[in-house]
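Single-structure report; data block below.
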Amino acid sequence: MKPRPSRPAAAAAAPDFATRLLDWFDQYGRHDLPWQHPRSAYRVWLSEIMLQQTQVSTVIPYFQRFLHRFPDVRALAEAPADEVLALWAGLGYYARARNLHRCAQQLMREHGGKFPREIEAMTALPGIGRSTAGAILAQAYGERHAILDGNVKRVLARHAAIAGYPGLPAVQKALWAQAEARLPHTRLADYTQAIMDLGATLCSARAPQCLICPVAQDCQARIAGETARYPGAKPAKARPQRSAQLLLIYDAQSRLLLERRAPRGLWGGLWCPPLLSEGEGSAEDWLAAQDLRVGAAQALPALRHGFTHFELQLQPLRFAAQARGTLLRESRWQWLDAEQLRSLGLPAPIRKMLDSLPQQSLP
């Protein structure tokens with residue numbers, strides 16, 4: 001009988017995604033981040049909120065200063081909002097700081113200062129969405145919940161070849177399904193950090209290092225040679241251009257007029273000199289309406305600042321007040337000296353501009 005030809009040996013199955021990722025993390029992952037020692041719910045929560053839209057290297061000094069001043073939920077809940085915003089100034093996206101403060105107060109009021117262990121109760125807290133809740137529960141308590149931050153979206157979109165912009169509901173639904181399907185049953189805290197680390201280091205937006213990636217063997221984008229295609233780009237849209245006048249009004253003691261801005265909107269809750277957007281009338285009309293008598297305006301160099309959805313050009317105008325008017329009886333208006341300004345939450349570009357003004361030229 002003619003012998004049958006031998007079959008080629010079957011290729012060994014690759015270890016599952018989580019196993020390979022954890023093996024890589026043990027050797028190459030980030031193990032010395034300040035919020036990892038210890039991984040308390042409070043520290044993880046602070047780091048997750050700060051890391052939204054912000055790089056780790058930028059966050060670390062803010063996290064350390066914040067933790068030194070507010071070591072626990074109670075300290076944060078009882079702090080004045082101005083102090084919270086002052087320590088946050090420079091990180092941007094100030095709604096995050098306001099939500100941190102509100103969340104701490106709600107934790108004290110409804111949960112005795114402790115974070116709930118149920119994801120539904122966690123996502124009911126201000127500023128905590130599904131991914132942030134999953135990160136807290138996984139890293140602080142070792143519970144089996146997925147996360148889906150920007151780095152993780154990129155890893156999963158490439159590995160599973162999920163096309164389309166991740167902000168679209170259908171794409172996001174597919175990414176969540178992948179995130180949950182790949183969860184291990186043990187080492188959830190390490191796995192959560194590992195998949196974030198992979199996206200932040202090897203699986204970067206540009207020039208991913210596929211040759212040394214632990215999950216490259218079955219990455220569909222790598223196999224197809226299309227890593228640049230995933231995740232899909234946000235549809236291009238030109239950012240609107242806006243302009244405003246910034247009124248720097250000093251009294252005879254060189255104190256600057258500041259307003260606490262409304263909680264919502266541009267620089268919500270921060271202190272800022274009067275800001276007149278397009279369509280709000282001239283500086284002269286505004287000053288007259290407030291019964292503020294001032295000298296001639298001194299125009300300073302224009303200031304440009306980019307926001308997520310628009311570009312803002314500010315034209316600072318400096319005035320010396322000769323009579324301080326009557327509107328300032330409201331608590332949202334204050335005349336403040338340079339020393340007082342240091343302890344307030346001011347928008348970072350405004351603080352930078354004020355710090356650059358030569359003191360000898362003040363009115």
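Here's how to read the names in the structure tokens: chain A, B, ... by the order shown, residue numbers from 1 in each chain, ligand numbers from 1 in the order shown.
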
May I have the residues within 12 Å of His31 in chain A as a count of residues only, using only C-alpha atoms and disregarding those fewer than 3 positions away in the same chain?
-> 15

Can you tell me, as a list of chain:residue names, what residues are no more than 10 Å from Tyr250 in chain A when counting only C-alpha atoms, ignoring any on the same chain fewer than 3 positions away?
-> A:Leu247, A:Gln253, A:Ser254, A:Arg255, A:Leu256, A:Leu257, A:Leu258, A:Val294, A:Arg318, A:Phe319, A:Ala320, A:Ala321, A:Gln322, A:Arg324, A:Trp335, A:Leu336, A:Asp337, A:Leu362, A:Pro363

Alpha helix (DSSP H) residues, from DSSP on the backbone, in range 1-250 of chain A, as a PyMOL selection string | chain A and resi 17-28+41-51+56-69+73-78+81-88+95-111+119-123+130-141+150-159+169-181+188-200+220-223

List the spatial neighbours of Ala89 in chain A as a CSV table (one decimal) with N, CA and C atoms, in the first residue's frame - criterion: any atom at most 7 Å away, only C-alpha atoms, same-chain residues fewer than 6 positions off excluded.
chain,number,residue,atom,x,y,z
A,345,GLY,N,-7.8,80.7,40.4
A,345,GLY,CA,-7.8,80.0,39.2
A,345,GLY,C,-8.0,80.9,38.0
A,346,LEU,N,-6.9,81.2,37.3
A,346,LEU,CA,-7.0,82.0,36.1
A,346,LEU,C,-6.7,81.1,34.8
A,347,PRO,N,-7.3,81.4,33.7
A,347,PRO,CA,-7.0,80.7,32.5
A,347,PRO,C,-5.5,80.8,32.2
A,348,ALA,N,-4.9,79.7,31.8
A,348,ALA,CA,-3.4,79.7,31.7
A,348,ALA,C,-2.9,80.8,30.7

Tell me, as a VMD selection string, which residues lie within 12 Å of Pro61 in chain A, counting only C-alpha atoms; anything in the same chain fewer than 5 positions away does not count.
-> chain A and resid 33 to 35 47 50 55 to 56 66 to 68 87 to 88 90 to 91

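Interatomic distance, CA of Thr123 in chain A against CA of Arg102 in chain A: 13.6 Å.
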
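With distances restricted to only C-alpha atoms, A:Ala233 is the closest residue to Ala163 in chain A from A:Ala233, A:Ala207, A:Val73, A:Ala200.
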
All residues 9 Å or closer to Trp45 in chain A, only C-alpha atoms, same chain fewer than 6 positions away omitted, as number ranges by chain | A: 128, 132-133, 135-136

Let me see the file: selected residues, N, CA and C atoms, as a PDB file, in the first residue's frame.
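Saved as part.pdb:
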ATOM      1  N   ILE A 128     -17.751  61.089  35.523  1.00  0.00           N
ATOM      2  CA  ILE A 128     -17.277  59.705  35.396  1.00  0.00           C
ATOM      3  C   ILE A 128     -18.136  58.976  34.368  1.00  0.00           C
ATOM      4  N   THR A 132     -13.952  55.567  32.413  1.00  0.00           N
ATOM      5  CA  THR A 132     -13.319  55.980  33.669  1.00  0.00           C
ATOM      6  C   THR A 132     -13.780  55.084  34.810  1.00  0.00           C
ATOM      7  N   ALA A 133     -15.076  54.774  34.848  1.00  0.00           N
ATOM      8  CA  ALA A 133     -15.596  53.879  35.887  1.00  0.00           C
ATOM      9  C   ALA A 133     -14.933  52.509  35.799  1.00  0.00           C
ATOM     10  N   ALA A 135     -11.990  51.825  34.577  1.00  0.00           N
ATOM     11  CA  ALA A 135     -10.588  51.935  34.989  1.00  0.00           C
ATOM     12  C   ALA A 135     -10.457  51.945  36.511  1.00  0.00           C
ATOM     13  N   ILE A 136     -11.350  52.667  37.182  1.00  0.00           N
ATOM     14  CA  ILE A 136     -11.298  52.712  38.649  1.00  0.00           C
ATOM     15  C   ILE A 136     -11.591  51.339  39.238  1.00  0.00           C
TER      16      ILE A 136
END
